[in-house]
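For reference, the structure is listed below as structure tokens.
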Amino acid sequence: MEKAKITPGQLFILIFLFELGSALLIPLGLSAKKDAWLAILLGMGGGLCLFLIYQALYNYYPDILPTTYMQEITGKVLGKLLAFLYLIYFLYIAARVLRDFGEMLVTFAYDETPLFIINALLLFCIVYTVHKGIEVLARTGELLFVLLYFLAVIGFVLVVVSGLIELNNLQPVLEEGIGPVIKTVVTETWYIPFGEVVVFTMIFPYLNRPKHVKAAGLTGIALSGLNIVITMVVNISVLSYELVSRSQFPLLNTIQAIEVAEFLERLDVFFMIALITGGFFKIGLYFYAALIGTADLFKVNGLSRLIYPLGLVVLFSSMTIASSYSEHIQEGIRFVPLYMHLPFQVIIPALLLLIAVVKNRKKQRL
Amino acid sequence: MMIKGLLCFFSMLLSISILSGCWSNQELPDLALVSAIGIDLSEDGEFVNTIQVINPGNVAGEGIQNTGGSESPPVSTYTEHGYNMTEAQRRISKKVSRELYYAHTNLLVIGEKLAEERGIQEIFDALERDNEFRTTTKVVVAQDAKAEEIIKTLTSIDKIPANKVIKTLRSTERIWGENINLETRGLLQKLISPGTSPVISCFRAPGDEEKGEAIEGIQETQPPFRLQASGLALFKDGKLIHTVNGDTSKGILWVLDKIKETGVSLDWKQNKEAIVYEVIRQKTSVSAQVKNNQPKISVEVSAEGDIGETAVPIDLRKPHVLKDLEGLVEKEIKENLLSSIKKTQELQTDVLGFGEAVHRADSEAWKEMKENWNDEYFPEVEVDVKVHAFIRRTGLRNKPFLMDF
């Protein structure tokens with residue numbers, strides 16, 4: 001663990017940016033069709049519950065990283081194995097998100113640039129920031145949060161002023177009952193992006209005022225969740241479900257539809273800035289979690305010795321995990337939620353909490 | 001210390017040289033800005049693409065009139081064919097010295113033959129998938145003409161013909177309301193949805209075709225060949241089935257809530273179309289009800305406007321006269337809408353979005369009707385039109401000068 005402290009306000013901002021990271025840009029929860037926004041809203045509810053689990057675990061062990069307290073809860077061998085699996089998980093998801101962002105940039109703006117170059121440049125910035133430590137990442141967040149919110153508000157106002165919003169496109173609500181919505185929540189929106197907050201268990205010990213974790217986390221998730229819901233409502237009402245479902249990046253199409261007064265148009269750069277900012281924090285936080293976890297688990301002194309090797313691992317995995325974008329997305333829909341997100345975000349933390357509660361009761365009785 | 005400084009300096013230099021440029025940069029002088037695309041169907045079933053490329057030097061400033069130096073037209077056009085859109089478009093590169101750049105393509109013209117015989121679905125995938133082409137591009141159909149002819153015609157006030165078409169559509173949609181300024185995005189939404197079919201504005205280029213392409217053509221006050229908006233093309237299953245004009249197209253756009261301002265002519269006693277009501281703003285809403293598996297549509301219009309013109313002596317100072325006129329306006333609009341609706345029902349294509357209204361009202365019933373909506377349910381659907389018109393002001397005069405004092 002490095003010697004650094006962040007404030008609850010910074011934690012709030014990091015959570016916010018992390019959640020918006022990719023959720024804002026990808027077609028999220030569309031297996032619920034027109035009710036995608038409802039699925040996201042319910043997913044947010046699930047995410048809040050998960051956060052309470054993570055936070056309860058943190059309350060038992062406020063000064064050490066999860067990679068260490070897993071060993072205390074489940075014993076040395078099993079704990080180390082679990083911690084190791086978590087590191088792999090963080091690295092893999094970091095590589096996935098990097099691939100996501102690289103593919104987006106190639107598809108929509110840099111169609112002749114090789115994916116490797118784009119990924120390498122983006123990762124280079126991230127590695128540099130992470131090298132400077134969590135405090136720098138958090139302060140960068142404070143700056144970019146203001147920028148992102150500013151753009152979001154302007155973008156929203158312009159969409160409304162352009163008269164693009166057709167609320168009719170959202171009707172009928174719950175056309176096929178609540179079933180598909182629940183299914184989407186359980187298989188998709190619960191984990192992406194809300195359950196991904198599990199990364200922040202690695203950040204909690206850096207907080208200077210541990211009591212405020214709960215408030216900062218819950219408001220961060222709620223605010224980002226509401227923003228994603230609003231974005232999805234706007235996407236569907238502007239583009240109609242049919243167009244959203246065929247679009248790789250619905251928000252991009254929504255922004256491209258803006259035409260105000262014949263000169264406020266072609267605002268693709270709004271999308272671009274949101275994309276880069278969100279991606280930067282999402283990959284950065286996953287990478288950081290993997291980094292300090294590795295240092296903690298293998299007792300490596302000094303993070304800088306690990307940064308470049310792990311950076312290369314993320315970069316090359318991001319290139320090799322899939323041969324095409326469709327393959328990448330299919331893996332993300334079929335495999336990752338069920339075999340990775342569900343155990344790592346829900347099952348393992350819940351079991352750990354259960355054991356921790358039982359153990360601590362015993363201690364109190366003794 | 002020295003070494004560290006040097007290292008820092010060189011890495012900065014490296015960043016500047018690597019990161020500032022783009023991987024595949026294209027300089028402006030190497031780009032051909034495409035302002036419009038026209039798509040036709042050839043005799044042997046190929047797509048024929050015609051593109052209109054801006055000649056930057058001849059558009060800038062007052063070039064043509066003042067200096068008199070330039071004799072070449074503001075745009076050039078190129079035509080190529082191919083069995084799919086990409087083939088046809090990329091083949092054009094054999095004729096153009098610069099790389100074609102589609103991000104500023106504002107207009108898409110669809111040839112009548114293509115729209116009637118092949119349907120328009122096939123052409124949009126390539127356009128939509130491409131990252132340069134914009135879905136805000138406006139779409140028109142070439143009436144009684146090939147798209148190529150529309151693309152090739154030069155225009156006088158707006159030098160770039162694509163801009164002339166778009167501006168005409170925009171202004172006529174706003175003040176007269178027989179044409180619709182339709183974007184690719186909106187068209188695609190309607191093309192996909194089973195509950196509605198698209199309508200697209202038509203453009204015509206009547207006159208002597210040969211002269212329209214030459215620069216002399218626009219050196220007369222009344223060019224021999226000029227572009228003008230005409231009717232409204234109705235589509236069914238992606239194919240053009242009929243073109244309507246005048247009041248029918250206005251009625252259709254009225255139901256679609258696309259009317260902003262327009263004029264409504266009223267008969268007064270024996271005088272035909274003697275009083276004109278100018279609509280300033282209006283709102284139309286369509287709703288549906290399903291009873292016993294029979295859909296019922298109600299269209300509600302509320303319009304607000306002024307008196308624009310009277311050719312008969314009538315005392316507009318009296319409120320009860322205005323009340324009478326409001327009644328006439330309501331009747332006139334209602335008849336217009338009903339006859340337009342009837343026309344689309346005869347053609348069996350739901351361009352009015354009634355299907356979507358039924359879908360919103362009763363999604364269970366809609367599932368059964370969806371398949372046969374256009375052929376079975378839509379022509380028979382019962383439509384109830386309610387119009388509320390308000391006359392707020394009478395312009396700068398109260399009674400006409402025709403009236404005795």
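Each chain in the structure tokens gets a letter, A, B, ..., in the order shown, and its residues are numbered from 1; ligands are numbered from 1 in order too.
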How close does each residue of chain A get to chain B, giving the shortest atom pair and distance in Å to one decimal for every residue with an atom at most 8 Å away, counting only C-alpha atoms, sorted by chain and residue number, as CSV?
```
residue,atom,partner,partner_atom,distance
A:Thr107,CA,B:Asn131,CA,7.5
A:Phe108,CA,B:Asn131,CA,5.6
A:Ala109,CA,B:Asn131,CA,7.2
A:Tyr110,CA,B:Trp23,CA,7.9
A:Glu112,CA,B:Ser24,CA,6.4
A:Thr113,CA,B:Trp23,CA,5.8
A:Asn168,CA,B:Arg360,CA,7.8
A:Gln171,CA,B:Arg360,CA,5.6
A:Pro172,CA,B:Arg360,CA,4.9
A:Glu175,CA,B:Ser363,CA,6.4
A:Leu239,CA,B:Gln189,CA,7.6
A:Ser240,CA,B:Gln189,CA,6.9
A:Glu242,CA,B:Gln189,CA,7.1
A:Leu243,CA,B:Gln189,CA,6.9
A:Gln256,CA,B:Arg134,CA,7.5
A:Ala257,CA,B:Thr136,CA,6.1
```
Could you list, as number ranges by chain, every residue within 12 Å of B:Val387, counting only C-alpha atoms and ignoring same-chain residues fewer than 5 positions away? B: 254-255, 282-285, 298-304, 326-338
From the list B:Thr196, B:Thr394, B:Ser249, B:Thr310, which residue is nearest B:Asp350 when using only C-alpha atoms?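 Ranking B:Thr196, B:Thr394, B:Ser249, B:Thr310 by distance to B:Asp350, first place goes to B:Thr196.
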Can you tell me how far atom CA of B:Ala162 sits from atom CA of B:Gln121, in Å to one decimal?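 Here the two named atoms are 22.4 Å from each other.
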For A:Lys80, list every protein, DNA or RNA residue within 10 Å, evaluated using only C-alpha atoms, and leave out those in the same chain fewer than 3 positions away; present the list as an MDAnalysis selection string. chainID A and resid 67:72 74:77 83:86 297:298
Out of stretch 163-359 of chain A, which residues get alpha helix (DSSP H) from DSSP, as a PyMOL selection string? chain A and resi 179-184+213-246+250-256+268-297+304-320+325-330+348-359
Go ahead and dump the residues you just picked, C-alpha atoms, as a CSV table (one decimal), in the first residue's frame.
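Saved result, again39.csv, follows:
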```csv
chain,number,residue,atom,x,y,z
A,179,GLY,CA,-40.2,-10.5,-16.9
A,180,PRO,CA,-37.7,-9.3,-19.6
A,181,VAL,CA,-36.8,-6.3,-17.4
A,182,ILE,CA,-35.9,-8.5,-14.4
A,183,LYS,CA,-34.0,-10.9,-16.6
A,184,THR,CA,-32.0,-8.0,-18.0
A,213,VAL,CA,-17.5,5.9,2.8
A,214,LYS,CA,-21.2,4.9,2.9
A,215,ALA,CA,-22.5,8.3,2.1
A,216,ALA,CA,-20.0,9.0,-0.6
A,217,GLY,CA,-20.5,5.6,-2.3
A,218,LEU,CA,-24.2,5.5,-2.2
A,219,THR,CA,-24.6,9.0,-3.5
A,220,GLY,CA,-22.0,8.3,-6.2
A,221,ILE,CA,-23.8,5.3,-7.4
A,222,ALA,CA,-27.2,6.9,-7.2
A,223,LEU,CA,-26.1,10.0,-9.1
A,224,SER,CA,-24.3,8.2,-11.8
A,225,GLY,CA,-27.2,5.7,-12.1
A,226,LEU,CA,-29.7,8.5,-12.6
A,227,ASN,CA,-27.5,10.0,-15.2
A,228,ILE,CA,-27.3,6.8,-17.1
A,229,VAL,CA,-31.0,6.3,-16.9
A,230,ILE,CA,-31.6,9.9,-18.2
A,231,THR,CA,-29.1,9.2,-21.0
A,232,MET,CA,-30.9,6.0,-22.0
A,233,VAL,CA,-34.3,7.7,-21.8
A,234,VAL,CA,-33.0,10.4,-24.1
A,235,ASN,CA,-31.4,7.9,-26.5
A,236,ILE,CA,-34.6,5.9,-26.9
A,237,SER,CA,-36.9,8.9,-27.2
A,238,VAL,CA,-34.7,10.5,-29.8
A,239,LEU,CA,-33.7,7.5,-31.9
A,240,SER,CA,-36.5,5.0,-31.2
A,241,TYR,CA,-35.8,1.6,-29.9
A,242,GLU,CA,-35.2,0.1,-33.3
A,243,LEU,CA,-32.3,2.5,-34.1
A,244,VAL,CA,-30.8,2.2,-30.6
A,245,SER,CA,-30.8,-1.6,-30.8
A,246,ARG,CA,-28.9,-1.5,-34.1
A,250,PRO,CA,-26.4,5.1,-29.2
A,251,LEU,CA,-25.2,8.3,-27.5
A,252,LEU,CA,-23.1,9.2,-30.5
A,253,ASN,CA,-26.1,9.0,-32.7
A,254,THR,CA,-28.2,11.0,-30.3
A,255,ILE,CA,-25.5,13.7,-30.2
A,256,GLN,CA,-25.2,13.7,-34.0
A,268,ASP,CA,-19.4,14.5,-31.9
A,269,VAL,CA,-16.5,15.9,-29.8
A,270,PHE,CA,-18.9,15.9,-26.8
A,271,PHE,CA,-19.1,12.2,-27.2
A,272,MET,CA,-15.4,11.9,-27.7
A,273,ILE,CA,-14.6,13.8,-24.5
A,274,ALA,CA,-17.0,11.8,-22.4
A,275,LEU,CA,-15.6,8.6,-23.9
A,276,ILE,CA,-12.0,9.4,-23.2
A,277,THR,CA,-12.7,10.7,-19.7
A,278,GLY,CA,-14.8,7.8,-18.6
A,279,GLY,CA,-12.5,5.2,-20.2
A,280,PHE,CA,-9.5,6.8,-18.6
A,281,PHE,CA,-10.9,6.4,-15.1
A,282,LYS,CA,-12.5,3.0,-15.6
A,283,ILE,CA,-9.3,1.5,-16.9
A,284,GLY,CA,-7.2,3.5,-14.5
A,285,LEU,CA,-9.1,2.3,-11.4
A,286,TYR,CA,-9.1,-1.4,-12.5
A,287,PHE,CA,-5.4,-1.2,-13.3
A,288,TYR,CA,-4.6,0.5,-10.0
A,289,ALA,CA,-6.6,-2.1,-8.0
A,290,ALA,CA,-4.7,-4.9,-9.8
A,291,LEU,CA,-1.4,-3.1,-9.1
A,292,ILE,CA,-1.7,-2.5,-5.4
A,293,GLY,CA,-3.3,-5.9,-5.0
A,294,THR,CA,-0.3,-7.6,-6.6
A,295,ALA,CA,2.1,-5.5,-4.6
A,296,ASP,CA,0.2,-6.5,-1.4
A,297,LEU,CA,-0.2,-10.1,-2.2
A,304,SER,CA,6.9,1.5,-9.9
A,305,ARG,CA,8.6,-1.9,-10.4
A,306,LEU,CA,5.3,-3.5,-11.2
A,307,ILE,CA,3.6,-0.8,-13.2
A,308,TYR,CA,5.3,-1.3,-16.6
A,309,PRO,CA,5.1,-5.2,-16.6
A,310,LEU,CA,1.4,-5.1,-15.6
A,311,GLY,CA,0.8,-2.3,-18.1
A,312,LEU,CA,2.2,-4.5,-20.9
A,313,VAL,CA,0.1,-7.4,-19.7
A,314,VAL,CA,-3.1,-5.3,-19.9
A,315,LEU,CA,-2.1,-3.9,-23.3
A,316,PHE,CA,-1.3,-7.3,-24.9
A,317,SER,CA,-4.3,-9.0,-23.3
A,318,SER,CA,-6.5,-6.2,-24.7
A,319,MET,CA,-5.3,-7.2,-28.2
A,320,THR,CA,-5.5,-10.9,-27.8
A,325,TYR,CA,-15.5,-6.6,-32.1
A,326,SER,CA,-18.5,-8.9,-32.4
A,327,GLU,CA,-16.5,-11.7,-30.6
A,328,HIS,CA,-15.5,-9.3,-27.9
A,329,ILE,CA,-19.1,-8.2,-27.3
A,330,GLN,CA,-20.4,-11.7,-27.3
A,348,ILE,CA,-17.6,-14.2,-3.0
A,349,PRO,CA,-18.1,-10.8,-1.2
A,350,ALA,CA,-21.4,-12.1,0.3
A,351,LEU,CA,-19.8,-15.3,1.6
A,352,LEU,CA,-16.8,-13.3,2.9
A,353,LEU,CA,-19.2,-11.0,4.8
A,354,LEU,CA,-21.1,-13.9,6.2
A,355,ILE,CA,-17.9,-15.6,7.5
A,356,ALA,CA,-16.6,-12.3,8.8
A,357,VAL,CA,-19.8,-11.7,10.7
A,358,VAL,CA,-19.8,-15.1,12.3
A,359,LYS,CA,-16.1,-14.9,13.2
```
